[in-house]
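One file, work-v9.cif, carrying mmCIF, C-alpha atoms:
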data_my_file
loop_
_atom_site.label_atom_id
_atom_site.label_comp_id
_atom_site.auth_asym_id
_atom_site.auth_seq_id
_atom_site.Cartn_x
_atom_site.Cartn_y
_atom_site.Cartn_z
CA MET N 1 -16.61 9.59 -7.18
CA VAL N 2 -14.94 11.02 -4.06
CA LYS N 3 -16.08 14.37 -2.71
CA ARG N 4 -14.23 17.59 -3.52
CA HIS N 5 -11.11 17.92 -1.40
CA VAL N 6 -9.34 20.90 0.08
CA TYR N 7 -5.62 20.22 -0.12
CA ALA N 8 -4.11 21.28 3.18
CA VAL N 9 -1.47 20.33 5.72
CA VAL N 10 -3.03 20.10 9.17
CA ASP N 11 -0.62 19.10 11.94
CA PRO N 12 -2.39 16.16 13.62
CA ALA N 13 -0.44 16.68 16.85
CA SER N 14 -1.90 20.16 17.36
CA GLY N 15 -4.83 20.25 14.97
CA LYS N 16 -3.51 23.52 13.54
CA LEU N 17 -3.63 24.39 9.87
CA VAL N 18 -0.09 24.65 8.51
CA LYS N 19 -0.83 25.60 4.90
CA GLU N 20 -3.53 25.27 2.26
CA TYR N 21 -2.78 24.48 -1.36
CA PRO N 22 -4.96 25.43 -4.34
CA THR N 23 -7.08 22.71 -5.89
CA ALA N 24 -6.42 22.12 -9.56
CA THR N 25 -8.65 23.76 -12.13
CA ASP N 26 -10.18 21.67 -14.90
CA GLU N 27 -7.69 23.28 -17.28
CA THR N 28 -4.79 22.21 -15.03
CA VAL N 29 -5.95 18.59 -14.99
CA ASP N 30 -6.40 18.59 -18.76
CA ALA N 31 -2.93 20.06 -19.20
CA ALA N 32 -1.50 17.32 -16.98
CA LEU N 33 -3.08 14.63 -19.14
CA ASP N 34 -1.83 16.36 -22.26
CA ALA N 35 1.71 16.58 -20.88
CA ALA N 36 1.69 12.91 -19.89
CA ALA N 37 0.38 11.86 -23.31
CA GLU N 38 3.01 14.00 -25.04
CA ALA N 39 5.78 12.57 -22.86
CA TYR N 40 4.64 9.05 -23.69
CA ALA N 41 4.65 9.79 -27.43
CA GLN N 42 7.98 11.61 -27.47
CA TRP N 43 10.09 10.53 -24.48
CA SER N 44 8.90 7.06 -23.64
CA ARG N 45 8.93 5.70 -27.17
CA GLN N 46 12.39 7.12 -27.86
CA THR N 47 14.31 6.10 -24.74
CA SER N 48 15.89 2.79 -23.87
CA VAL N 49 15.35 0.76 -20.72
CA GLU N 50 18.92 1.61 -19.77
CA GLU N 51 18.23 5.35 -20.01
CA ARG N 52 15.09 5.09 -17.90
CA ALA N 53 16.93 2.97 -15.35
CA ARG N 54 19.57 5.68 -14.96
CA LEU N 55 16.84 8.19 -14.14
CA LEU N 56 15.37 5.85 -11.53
CA ASN N 57 18.78 5.43 -9.93
CA THR N 58 18.94 9.21 -9.63
CA VAL N 59 15.48 9.22 -8.04
CA ALA N 60 16.74 6.69 -5.49
CA ALA N 61 19.83 8.79 -4.78
CA LEU N 62 17.73 11.92 -4.27
CA HIS N 63 15.50 10.10 -1.79
CA ASP N 64 18.60 9.22 0.20
CA GLU N 65 20.06 12.71 -0.13
CA ARG N 66 16.82 14.43 0.94
CA SER N 67 15.81 11.86 3.53
CA ALA N 68 15.63 14.26 6.49
CA GLN N 69 13.65 16.86 4.53
CA LEU N 70 11.20 14.32 3.12
CA ALA N 71 10.71 12.68 6.52
CA GLY N 72 10.01 16.03 8.17
CA ILE N 73 7.28 16.74 5.65
CA ILE N 74 5.24 13.60 6.34
CA HIS N 75 5.81 14.04 10.08
CA ARG N 76 3.94 17.34 9.72
CA GLU N 77 1.33 16.02 7.31
CA MET N 78 0.17 12.82 8.98
CA GLY N 79 1.99 12.57 12.29
CA LYS N 80 4.40 9.75 11.44
CA PRO N 81 7.31 9.59 13.90
CA VAL N 82 10.47 10.92 12.29
CA GLU N 83 12.37 7.63 12.66
CA GLU N 84 9.58 5.72 10.88
CA ALA N 85 9.35 8.47 8.26
CA VAL N 86 13.06 8.16 7.50
CA GLY N 87 12.60 4.40 7.19
CA GLU N 88 9.81 4.94 4.66
CA VAL N 89 11.99 7.24 2.55
CA GLU N 90 14.83 4.72 2.60
CA PHE N 91 12.53 1.84 1.65
CA SER N 92 11.14 3.92 -1.20
CA ALA N 93 14.67 4.55 -2.45
CA SER N 94 15.31 0.81 -2.44
CA ILE N 95 12.26 0.25 -4.64
CA TYR N 96 13.42 2.73 -7.30
CA ARG N 97 16.87 1.20 -7.15
CA TYR N 98 15.48 -2.33 -7.46
CA TYR N 99 13.64 -1.53 -10.68
CA ALA N 100 16.60 0.39 -12.05
CA GLU N 101 18.78 -2.67 -11.52
CA ASN N 102 16.29 -5.26 -12.73
CA ALA N 103 14.23 -3.56 -15.45
CA GLU N 104 16.37 -4.79 -18.32
CA LYS N 105 16.09 -8.39 -17.10
CA PHE N 106 12.35 -8.10 -16.52
CA LEU N 107 11.77 -6.59 -19.97
CA THR N 108 13.93 -9.01 -21.96
CA ASP N 109 12.01 -10.68 -24.77
CA GLU N 110 10.45 -13.97 -23.65
CA PRO N 111 10.81 -16.73 -26.27
CA ILE N 112 7.97 -19.20 -26.82
CA GLU N 113 8.62 -22.76 -27.93
CA LEU N 114 6.36 -23.47 -30.90
CA LEU N 115 4.22 -26.60 -30.91
CA GLU N 116 4.20 -26.75 -34.70
CA GLY N 117 5.30 -24.79 -37.74
CA GLU N 118 8.51 -23.01 -38.63
CA GLY N 119 9.86 -19.72 -37.43
CA THR N 120 9.95 -18.09 -34.03
CA ALA N 121 7.69 -16.46 -31.47
CA PHE N 122 8.36 -14.30 -28.46
CA VAL N 123 6.61 -11.91 -26.09
CA ARG N 124 7.91 -8.35 -25.87
CA ARG N 125 6.81 -6.21 -22.92
CA GLN N 126 6.04 -2.63 -23.88
CA PRO N 127 4.36 0.32 -22.15
CA VAL N 128 0.68 1.07 -22.69
CA GLY N 129 0.65 4.84 -22.19
CA VAL N 130 -0.59 7.27 -19.55
CA LEU N 131 -1.47 5.82 -16.15
CA LEU N 132 -3.44 7.49 -13.38
CA GLY N 133 -2.34 6.88 -9.79
CA ILE N 134 -4.63 7.65 -6.84
CA MET N 135 -2.69 7.35 -3.59
CA PRO N 136 -3.49 7.38 0.16
CA TRP N 137 -1.99 9.35 3.04
CA ASN N 138 -0.60 6.61 5.29
CA TYR N 139 2.64 5.99 3.35
CA PRO N 140 3.01 9.08 1.14
CA TYR N 141 6.32 8.07 -0.48
CA TYR N 142 6.22 4.28 -0.35
CA GLN N 143 2.81 4.02 -2.01
CA VAL N 144 3.98 6.21 -4.89
CA ALA N 145 7.21 4.23 -5.26
CA ARG N 146 5.34 0.93 -5.61
CA PHE N 147 3.37 2.37 -8.52
CA ALA N 148 5.79 4.80 -10.14
CA ALA N 149 9.05 2.85 -10.13
CA PRO N 150 8.04 -0.17 -12.25
CA ASN N 151 5.91 1.84 -14.64
CA LEU N 152 8.49 4.54 -15.32
CA ALA N 153 11.05 1.77 -15.88
CA LEU N 154 8.67 0.21 -18.39
CA GLY N 155 8.04 3.53 -20.12
CA ASN N 156 4.53 4.40 -19.03
CA THR N 157 3.95 7.98 -17.95
CA ILE N 158 2.14 8.96 -14.78
CA VAL N 159 -0.45 11.44 -13.58
CA LEU N 160 -0.51 11.24 -9.79
CA LYS N 161 -3.35 12.37 -7.53
CA HIS N 162 -2.26 12.17 -3.91
CA ALA N 163 -4.39 12.35 -0.77
CA SER N 164 -5.73 15.79 0.10
CA GLN N 165 -3.69 15.91 3.31
CA CYS N 166 -0.42 15.24 1.46
CA PRO N 167 0.08 18.31 -0.75
CA GLU N 168 3.54 19.11 0.60
CA SER N 169 4.96 15.61 0.16
CA SER N 170 3.38 15.27 -3.29
CA ALA N 171 4.95 18.58 -4.34
CA ALA N 172 8.29 17.40 -2.97
CA LEU N 173 8.04 14.23 -5.06
CA GLN N 174 7.20 16.22 -8.18
CA GLN N 175 10.28 18.36 -7.63
CA LEU N 176 12.38 15.27 -7.00
CA PHE N 177 11.38 13.65 -10.30
CA THR N 178 12.04 16.92 -12.12
CA ASP N 179 15.46 17.28 -10.49
CA ALA N 180 16.26 13.66 -11.39
CA GLY N 181 15.94 14.56 -15.06
CA PHE N 182 12.56 13.18 -16.04
CA PRO N 183 11.05 15.33 -18.79
CA GLN N 184 7.89 17.35 -18.33
CA GLY N 185 4.89 15.03 -18.36
CA ALA N 186 6.67 11.80 -17.42
CA TYR N 187 5.48 12.26 -13.83
CA VAL N 188 2.81 14.90 -13.16
CA ASN N 189 1.31 15.68 -9.76
CA VAL N 190 -2.21 17.15 -9.72
CA HIS N 191 -4.26 18.39 -6.75
CA ALA N 192 -7.44 17.18 -8.39
CA THR N 193 -10.94 16.79 -7.04
CA GLY N 194 -12.89 13.56 -7.03
CA GLU N 195 -15.03 14.77 -9.92
CA GLN N 196 -11.97 15.65 -11.97
CA ILE N 197 -10.44 12.24 -11.28
CA GLY N 198 -13.67 10.58 -12.40
CA ARG N 199 -13.43 12.36 -15.73
CA ALA N 200 -9.72 11.54 -16.02
CA ILE N 201 -10.41 7.83 -15.56
CA ALA N 202 -12.79 7.96 -18.52
CA ASP N 203 -10.44 10.12 -20.61
CA PRO N 204 -9.10 8.23 -23.65
CA ARG N 205 -5.59 9.50 -22.93
CA VAL N 206 -5.53 7.38 -19.74
CA GLN N 207 -4.85 3.67 -20.28
CA GLY N 208 -4.92 2.33 -16.72
CA VAL N 209 -5.54 3.23 -13.08
CA SER N 210 -3.80 2.24 -9.86
CA PHE N 211 -5.69 2.94 -6.64
CA THR N 212 -4.75 2.36 -3.01
CA GLY N 213 -7.30 3.25 -0.37
CA SER N 214 -10.66 2.26 1.04
CA GLU N 215 -12.90 -0.50 -0.24
CA ARG N 216 -15.72 1.97 -0.93
CA ALA N 217 -13.60 4.37 -2.98
CA GLY N 218 -11.90 1.46 -4.74
CA ALA N 219 -15.26 0.12 -5.86
CA GLU N 220 -16.12 3.53 -7.31
CA VAL N 221 -12.82 3.73 -9.17
CA ALA N 222 -13.21 0.20 -10.53
CA GLU N 223 -16.78 0.87 -11.65
CA LYS N 224 -15.77 4.01 -13.49
CA ALA N 225 -12.76 2.32 -15.08
CA GLY N 226 -14.82 -0.70 -16.06
CA ARG N 227 -17.25 1.45 -18.03
CA SER N 228 -14.30 2.74 -20.04
CA LEU N 229 -12.60 -0.67 -20.31
CA LYS N 230 -9.54 0.49 -18.39
CA LYS N 231 -7.39 -1.92 -16.42
CA VAL N 232 -7.24 -1.27 -12.67
CA VAL N 233 -4.94 -2.37 -9.87
CA LEU N 234 -6.60 -2.06 -6.47
CA GLU N 235 -4.93 -2.32 -3.06
CA LEU N 236 -7.69 -1.85 -0.52
CA GLY N 237 -8.25 -2.61 3.15
CA GLY N 238 -7.14 -5.54 5.22
CA SER N 239 -7.97 -7.28 8.46
CA ASP N 240 -4.91 -9.47 8.52
CA PRO N 241 -4.83 -12.46 10.87
CA PHE N 242 -1.80 -13.06 13.07
CA ILE N 243 -1.99 -16.73 14.02
CA VAL N 244 -0.01 -18.09 16.97
CA LEU N 245 -0.19 -21.89 17.14
CA SER N 246 2.96 -22.59 19.15
CA THR N 247 6.12 -20.82 20.23
CA ASP N 248 9.42 -21.65 21.88
CA ASP N 249 10.11 -17.96 22.58
CA LEU N 250 7.00 -16.18 23.83
CA ASP N 251 8.73 -12.82 24.27
CA ALA N 252 9.98 -12.82 20.67
CA THR N 253 6.53 -13.78 19.37
CA VAL N 254 4.93 -10.98 21.37
CA ARG N 255 7.50 -8.46 20.12
CA ALA N 256 6.68 -9.52 16.57
CA ALA N 257 2.95 -9.16 17.28
CA VAL N 258 3.42 -5.66 18.68
CA GLU N 259 5.51 -4.65 15.67
CA ALA N 260 2.99 -6.13 13.26
CA ARG N 261 0.12 -4.17 14.79
CA PHE N 262 1.50 -0.84 15.90
CA GLU N 263 3.83 0.37 13.16
CA ASN N 264 2.60 3.71 11.83
CA ALA N 265 0.22 3.89 14.83
CA GLY N 266 -1.64 0.91 13.41
CA GLN N 267 -2.49 2.75 10.18
CA ALA N 268 -1.34 0.13 7.69
CA CYS N 269 -3.53 -1.98 5.42
CA ASN N 270 -1.35 -5.05 5.93
CA ALA N 271 -0.83 -4.69 9.68
CA GLY N 272 -1.66 -7.70 11.85
CA LYS N 273 -5.06 -6.78 13.23
CA ARG N 274 -6.72 -10.01 14.46
CA PHE N 275 -4.54 -12.07 16.79
CA ILE N 276 -5.71 -15.68 16.73
CA VAL N 277 -4.00 -17.62 19.50
CA ALA N 278 -4.05 -21.32 20.35
CA ASP N 279 -5.63 -22.18 23.67
CA ASP N 280 -2.49 -23.55 25.33
CA VAL N 281 -0.50 -20.32 24.83
CA TYR N 282 -3.41 -17.84 24.90
CA ASP N 283 -3.24 -16.75 28.56
CA ALA N 284 0.52 -16.20 28.57
CA PHE N 285 0.42 -14.47 25.19
CA LEU N 286 -2.43 -12.14 26.17
CA ALA N 287 -0.84 -11.13 29.47
CA THR N 288 2.55 -10.32 27.92
CA PHE N 289 1.04 -8.75 24.80
CA THR N 290 -1.26 -6.47 26.82
CA GLU N 291 1.65 -5.37 29.00
CA LYS N 292 3.74 -4.47 25.96
CA VAL N 293 0.85 -2.68 24.24
CA LEU N 294 0.07 -0.50 27.27
CA ALA N 295 3.76 0.34 27.57
CA LEU N 296 3.53 2.04 24.14
CA THR N 297 1.26 4.74 25.57
CA ASP N 298 4.02 7.16 26.62
CA GLY N 299 5.59 7.15 23.16
CA LEU N 300 2.27 7.58 21.43
CA ALA N 301 2.11 9.17 17.99
CA PRO N 302 -1.09 10.85 16.82
CA LEU N 303 -3.30 9.31 14.19
CA SER N 304 -3.49 11.13 10.89
CA SER N 305 -6.30 13.40 12.03
CA VAL N 306 -8.79 14.01 14.82
CA ALA N 307 -11.49 12.53 12.58
CA ALA N 308 -9.49 9.31 12.20
CA ALA N 309 -9.07 8.98 15.96
CA GLU N 310 -12.76 9.71 16.53
CA TYR N 311 -13.72 6.97 14.09
CA VAL N 312 -11.51 4.39 15.81
CA GLU N 313 -13.09 5.44 19.11
CA GLU N 314 -16.56 4.87 17.65
CA GLN N 315 -15.53 1.44 16.38
CA VAL N 316 -14.17 0.41 19.78
CA GLU N 317 -17.30 1.66 21.53
CA ARG N 318 -19.48 -0.41 19.18
CA ALA N 319 -17.35 -3.49 19.83
CA VAL N 320 -17.71 -3.00 23.59
CA ASP N 321 -21.47 -2.59 23.18
CA GLU N 322 -21.42 -5.96 21.37
CA GLY N 323 -19.76 -7.65 24.36
CA ALA N 324 -16.03 -7.07 23.92
CA THR N 325 -13.64 -5.84 26.61
CA PHE N 326 -11.23 -3.02 25.82
CA VAL N 327 -8.08 -2.42 27.85
CA SER N 328 -6.01 0.75 27.43
CA ALA N 329 -4.15 3.19 29.66
CA ARG N 330 -5.81 6.47 28.64
CA GLN N 331 -8.70 8.12 26.87
CA ARG N 332 -8.54 9.66 23.40
CA GLU N 333 -7.19 13.22 23.29
CA GLY N 334 -7.62 14.92 19.93
CA ALA N 335 -5.84 12.82 17.32
CA TYR N 336 -4.10 10.77 20.01
CA PHE N 337 -5.76 7.40 20.51
CA PRO N 338 -4.27 5.18 23.22
CA PRO N 339 -3.00 1.77 22.15
CA GLY N 340 -5.24 -0.97 23.46
CA VAL N 341 -6.40 -4.56 23.29
CA LEU N 342 -9.90 -5.89 22.52
CA THR N 343 -10.89 -9.33 23.77
CA GLY N 344 -14.14 -11.25 23.96
CA LEU N 345 -15.40 -10.01 20.59
CA SER N 346 -17.63 -12.59 18.94
CA PRO N 347 -16.49 -13.42 15.40
CA ALA N 348 -20.18 -13.22 14.46
CA SER N 349 -20.59 -9.60 15.66
CA PRO N 350 -20.75 -6.77 13.10
CA SER N 351 -17.61 -5.19 14.56
CA ALA N 352 -15.57 -8.32 13.84
CA ALA N 353 -16.01 -7.72 10.10
CA GLU N 354 -14.63 -4.16 10.25
CA GLU N 355 -11.07 -3.03 9.67
CA LEU N 356 -9.66 -1.19 12.69
CA PHE N 357 -7.30 1.38 11.20
CA GLY N 358 -5.51 2.46 14.35
CA PRO N 359 -3.61 1.23 17.43
CA VAL N 360 -6.09 -1.42 18.56
CA ALA N 361 -5.48 -5.19 18.51
CA THR N 362 -8.27 -7.76 18.69
CA VAL N 363 -7.28 -11.07 20.32
CA TYR N 364 -9.16 -14.37 19.89
CA ARG N 365 -8.71 -17.77 21.55
CA VAL N 366 -8.98 -20.91 19.38
CA GLY N 367 -8.87 -24.60 20.21
CA SER N 368 -7.32 -26.08 17.09
CA GLU N 369 -5.51 -25.45 13.84
CA ASP N 370 -8.74 -25.87 11.91
CA GLU N 371 -10.51 -23.32 14.10
CA ALA N 372 -7.62 -20.88 13.64
CA VAL N 373 -7.78 -21.18 9.85
CA GLU N 374 -11.56 -20.88 9.82
CA LEU N 375 -11.43 -17.71 11.91
CA ALA N 376 -8.55 -16.30 9.86
CA ASN N 377 -10.61 -16.71 6.69
CA ASP N 378 -13.82 -15.40 8.28
CA THR N 379 -13.35 -11.90 6.91
CA PRO N 380 -14.33 -10.10 3.71
CA TYR N 381 -10.68 -9.08 3.31
CA GLY N 382 -7.67 -11.07 2.14
CA LEU N 383 -4.53 -8.93 2.02
CA GLY N 384 -1.78 -10.33 4.26
CA SER N 385 -1.42 -12.79 7.11
CA TYR N 386 1.09 -14.06 9.67
CA VAL N 387 1.62 -17.59 10.98
CA PHE N 388 3.77 -18.38 14.02
CA THR N 389 4.47 -22.00 14.85
CA THR N 390 7.40 -24.25 15.75
CA ASP N 391 6.12 -26.91 13.34
CA ALA N 392 7.50 -26.29 9.83
CA GLU N 393 5.03 -28.65 8.16
CA GLN N 394 2.12 -27.02 9.97
CA ALA N 395 3.33 -23.57 8.91
CA LEU N 396 3.19 -24.44 5.21
CA ARG N 397 -0.07 -26.34 5.62
CA VAL N 398 -1.76 -23.36 7.27
CA ALA N 399 -0.22 -20.92 4.79
CA ASP N 400 -1.69 -22.94 1.95
CA ARG N 401 -5.18 -22.76 3.50
CA ILE N 402 -5.24 -19.04 4.29
CA GLU N 403 -7.27 -16.89 1.87
CA ALA N 404 -4.85 -13.99 1.44
CA GLY N 405 -2.45 -12.57 -1.08
CA MET N 406 0.52 -12.82 1.29
CA VAL N 407 1.57 -15.09 4.15
CA PHE N 408 4.55 -14.38 6.41
CA ILE N 409 5.78 -17.27 8.54
CA ASN N 410 7.53 -16.68 11.89
CA GLY N 411 8.47 -13.11 11.06
CA VAL N 412 7.21 -9.57 10.52
CA GLY N 413 8.56 -6.59 8.63
CA LEU N 414 9.62 -8.93 5.83
CA ASP N 415 8.29 -6.83 2.93
CA GLY N 416 10.77 -6.17 0.17
CA ALA N 417 11.01 -4.49 -3.21
CA GLU N 418 11.39 -7.92 -4.81
CA LEU N 419 8.28 -9.41 -3.16
CA PRO N 420 4.85 -9.06 -4.84
CA PHE N 421 2.32 -7.13 -2.75
CA GLY N 422 -1.46 -7.47 -3.08
CA GLY N 423 -4.56 -9.30 -1.95
CA VAL N 424 -7.75 -11.14 -2.78
CA LYS N 425 -11.44 -10.78 -1.90
CA LEU N 426 -12.32 -7.20 -0.85
CA SER N 427 -8.64 -6.35 -0.43
CA GLY N 428 -8.47 -5.81 -4.19
CA PHE N 429 -6.66 -7.36 -7.12
CA GLY N 430 -3.43 -7.00 -9.03
CA ARG N 431 0.09 -6.92 -7.64
CA GLU N 432 2.73 -4.31 -6.98
CA LEU N 433 6.48 -4.78 -6.48
CA GLY N 434 8.66 -7.62 -7.72
CA ARG N 435 8.45 -8.94 -11.27
CA ALA N 436 4.65 -8.89 -11.02
CA GLY N 437 4.64 -5.13 -10.48
CA ILE N 438 6.17 -4.33 -13.85
CA ASP N 439 3.80 -6.71 -15.64
CA GLU N 440 0.49 -5.16 -14.52
CA PHE N 441 0.47 -2.31 -17.02
CA ALA N 442 2.59 -3.88 -19.75
CA ASN N 443 1.48 -4.75 -23.24
CA LYS N 444 2.72 -8.32 -23.50
CA LYS N 445 2.96 -8.23 -27.25
CA LEU N 446 3.28 -11.46 -29.21
CA ILE N 447 5.64 -11.28 -32.18
CA ARG N 448 5.42 -14.39 -34.38
CA THR N 449 7.63 -14.88 -37.43
CA ALA N 450 6.80 -17.57 -39.98
CA ARG N 451 10.39 -18.07 -41.19
CA THR N 452 13.72 -16.81 -39.89
#
What's the structure tokens form of this structure?
Amino acid sequence: MVKRHVYAVVDPASGKLVKEYPTATDETVDAALDAAAEAYAQWSRQTSVEERARLLNTVAALHDERSAQLAGIIHREMGKPVEEAVGEVEFSASIYRYYAENAEKFLTDEPIELLEGEGTAFVRRQPVGVLLGIMPWNYPYYQVARFAAPNLALGNTIVLKHASQCPESSAALQQLFTDAGFPQGAYVNVHATGEQIGRAIADPRVQGVSFTGSERAGAEVAEKAGRSLKKVVLELGGSDPFIVLSTDDLDATVRAAVEARFENAGQACNAGKRFIVADDVYDAFLATFTEKVLALTDGLAPLSSVAAAEYVEEQVERAVDEGATFVSARQREGAYFPPGVLTGLSPASPSAAEELFGPVATVYRVGSEDEAVELANDTPYGLGSYVFTTDAEQALRVADRIEAGMVFINGVGLDGAELPFGGVKLSGFGRELGRAGIDEFANKKLIRTART
């Protein structure tokens, strides 16, 4: 599994250690699993959907009430600008509220029309037990909300292992759930090591695992869970295509492209990363896009760590060695990596297959719709995608051909609590959010009665 972590807040802007947090002992992890199992047996099985929904509404209200405090924490932990951090807290609140408002509808018994015989049949959705969540650093609250909200509404209990650089935000979430009225064990945060998490996955008290992170770590989690016959939801990397086939407002399309790539300093799995532009708008798009990207330099936020910025720098240098051209306004300074644009990268080069997890956009020129689709699908990933065109029929035609879990047409920032999130290929499997999110770890129990 993953190497042993030291849980610490290191300010990426300065590189200074803010505070270290103790790593959990084996006894602490075991106690967390015990508490979650006990909460499932006692609390989950004895509460109604309505009661759990009330608790989630309180969680949402506390996110709103503590928005400034929560935003300040992740600004320190991973460098997210305060305005974006506040937006993340507010979006997380909307997710808890969405499941509070819709859980009863989602969990209503589903009747089945019998083909023959007397009686009735229906499917009842019930919880399965203790779930283990393994979360990344790039959206410390939002990632947890996607996993925790539907499953707490359903009645599963949660043991949550957050990223090693997020100990302060994970502690704040633990306190928030406690203050909301969830009983001990319903939501338990643990500063566990990789080895401890490996044992927890195999532990019979755990019934499922949700992981968001890298492809490599996801494969390890899935392998370990598979040996123990545990269901897994994986949300892994992405190299999302942003296809521009035509536009009647170039400035608006470029603004959307900049937003799609550079939110959270480019550190988003579902950010637009490969900009695939039709030949007849390529030159104008590239000129305007490059101008807007370089203009972001003065308001630059740091990446999550110096190591993250160094890795992006190495990736860009390899791409340039393979024939690409990189345009930016500055050089890397510590965790600050200047926003820039890569052009001339051959789709056949090794660098083209990598995910760039930072403020760098790769732009390609294509001569046709077919070439755009072929290039869009020429990636091991399949998370999200974007299609911009003035032709409505073309938009749906291209969307149908793209190998991805999500397609957004003529817009960005369109994610919502009600919309299923997830991918295909090496971007993982399973869905979060929407109706699909509450179904992933539900026991869809058939109840068949011979006579009424």
For this session: Determine, counting all atoms listed in the file, which protein, DNA and RNA residues have an atom within 7 Å of an atom of range 263-270 of chain N; residues of the same chain fewer than 4 positions away are not included. Present the result as JSON, numbers by chain.
Result: {"N": [80, 138, 237, 238, 240, 259, 301, 303, 357, 358, 359, 383, 384]}
Exercise. What residues come out when you apply the PyMOL selection byres ((chain N and resi 327-343) around 7) to this file, written as a VMD selection string?
Worked result: chain N and resid 12 to 13 290 293 to 294 296 to 297 301 to 303 305 to 306 309 324 to 326 344 to 345 359 to 364
Within 8 Å of (1.5, 10.1, -21.3) in the file's own coordinates, which protein, DNA or RNA residues have an atom, counting only C-alpha atoms? List them as a PDB file with C-alpha atoms, in the frame of the given file.
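Wrote it out as point37.pdb, contents follow:
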ATOM      1  CA  LEU N  33      -3.080  14.630 -19.140  1.00  0.00           C
ATOM      2  CA  ASP N  34      -1.830  16.360 -22.260  1.00  0.00           C
ATOM      3  CA  ALA N  35       1.710  16.580 -20.880  1.00  0.00           C
ATOM      4  CA  ALA N  36       1.690  12.910 -19.890  1.00  0.00           C
ATOM      5  CA  ALA N  37       0.380  11.860 -23.310  1.00  0.00           C
ATOM      6  CA  GLU N  38       3.010  14.000 -25.040  1.00  0.00           C
ATOM      7  CA  ALA N  39       5.780  12.570 -22.860  1.00  0.00           C
ATOM      8  CA  TYR N  40       4.640   9.050 -23.690  1.00  0.00           C
ATOM      9  CA  ALA N  41       4.650   9.790 -27.430  1.00  0.00           C
ATOM     10  CA  GLY N 129       0.650   4.840 -22.190  1.00  0.00           C
ATOM     11  CA  VAL N 130      -0.590   7.270 -19.550  1.00  0.00           C
ATOM     12  CA  LEU N 131      -1.470   5.820 -16.150  1.00  0.00           C
ATOM     13  CA  ASN N 156       4.530   4.400 -19.030  1.00  0.00           C
ATOM     14  CA  THR N 157       3.950   7.980 -17.950  1.00  0.00           C
ATOM     15  CA  ILE N 158       2.140   8.960 -14.780  1.00  0.00           C
ATOM     16  CA  GLY N 185       4.890  15.030 -18.360  1.00  0.00           C
ATOM     17  CA  ALA N 186       6.670  11.800 -17.420  1.00  0.00           C
ATOM     18  CA  ARG N 205      -5.590   9.500 -22.930  1.00  0.00           C
ATOM     19  CA  VAL N 206      -5.530   7.380 -19.740  1.00  0.00           C
TER      20      VAL N 206
END
Problem set entry | Interatomic distance, CA of Glu27 in chain N to CA of Ile197 in chain N (Å, one decimal) |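 According to the coordinates, CA of Glu27 in chain N and CA of Ile197 in chain N are separated by 12.9 Å.
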Problem set entry | Polymer residues at most 7 Å from Ala71 in chain N, only C-alpha atoms, same-chain spacing of 3 or more positions, as number ranges by chain | N: 67-68, 74-75, 82, 85-86, 89
For this session: Check which residues satisfy the PyMOL selection byres ((chain N and resi 26) around 10) in the file shown, then give them as a PyMOL selection string.
Result: chain N and resi 23-25+27-32+192-193+195-196+199
Considering only C-alpha atoms, return as a PDB file with C-alpha atoms, in the coordinates of the input whatever protein or nucleic-acid residues lie within 8 Å of Leu356 in chain N, sequence-local ones (same chain, fewer than 4 positions apart) excluded.
ATOM      1  CA  SER N 239      -7.970  -7.280   8.460  1.00  0.00           C
ATOM      2  CA  LYS N 273      -5.060  -6.780  13.230  1.00  0.00           C
ATOM      3  CA  VAL N 312     -11.510   4.390  15.810  1.00  0.00           C
ATOM      4  CA  GLN N 315     -15.530   1.440  16.380  1.00  0.00           C
ATOM      5  CA  VAL N 360      -6.090  -1.420  18.560  1.00  0.00           C
TER       6      VAL N 360
END
Leaving out range 420-429 of chain N and any residue of its chain fewer than 6 positions from it, which residues lie within 7 Å of it when counting all atoms listed in the file, given as an mmCIF file with C-alpha atoms, in the frame of the given file?
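That gives us part.cif:
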data_model
loop_
_atom_site.group_PDB
_atom_site.id
_atom_site.type_symbol
_atom_site.label_atom_id
_atom_site.label_comp_id
_atom_site.auth_asym_id
_atom_site.auth_seq_id
_atom_site.Cartn_x
_atom_site.Cartn_y
_atom_site.Cartn_z
ATOM 1 C CA GLU N 215 -12.900 -0.500 -0.240
ATOM 2 C CA VAL N 233 -4.940 -2.370 -9.870
ATOM 3 C CA LEU N 234 -6.600 -2.060 -6.470
ATOM 4 C CA GLU N 235 -4.930 -2.320 -3.060
ATOM 5 C CA LEU N 236 -7.690 -1.850 -0.520
ATOM 6 C CA GLY N 237 -8.250 -2.610 3.150
ATOM 7 C CA GLY N 238 -7.140 -5.540 5.220
ATOM 8 C CA PRO N 380 -14.330 -10.100 3.710
ATOM 9 C CA TYR N 381 -10.680 -9.080 3.310
ATOM 10 C CA GLY N 382 -7.670 -11.070 2.140
ATOM 11 C CA LEU N 383 -4.530 -8.930 2.020
ATOM 12 C CA GLY N 384 -1.780 -10.330 4.260
ATOM 13 C CA ALA N 404 -4.850 -13.990 1.440
ATOM 14 C CA GLY N 405 -2.450 -12.570 -1.080
ATOM 15 C CA MET N 406 0.520 -12.820 1.290
ATOM 16 C CA ALA N 436 4.650 -8.890 -11.020
ATOM 17 C CA GLY N 437 4.640 -5.130 -10.480
#
Problem set entry | Test item: which residues lie within 12 Å of (-9.3, 7.8, -16.3) counting only C-alpha atoms, as a VMD selection string | chain N and resid 1 29 to 30 33 129 to 134 158 to 161 194 to 211 221 to 232
Problem set entry | Residues matched by the PyMOL selection byres ((chain N and resi 244) around 6) as an MDAnalysis selection string | chainID N and resid 243 245:246 277 388
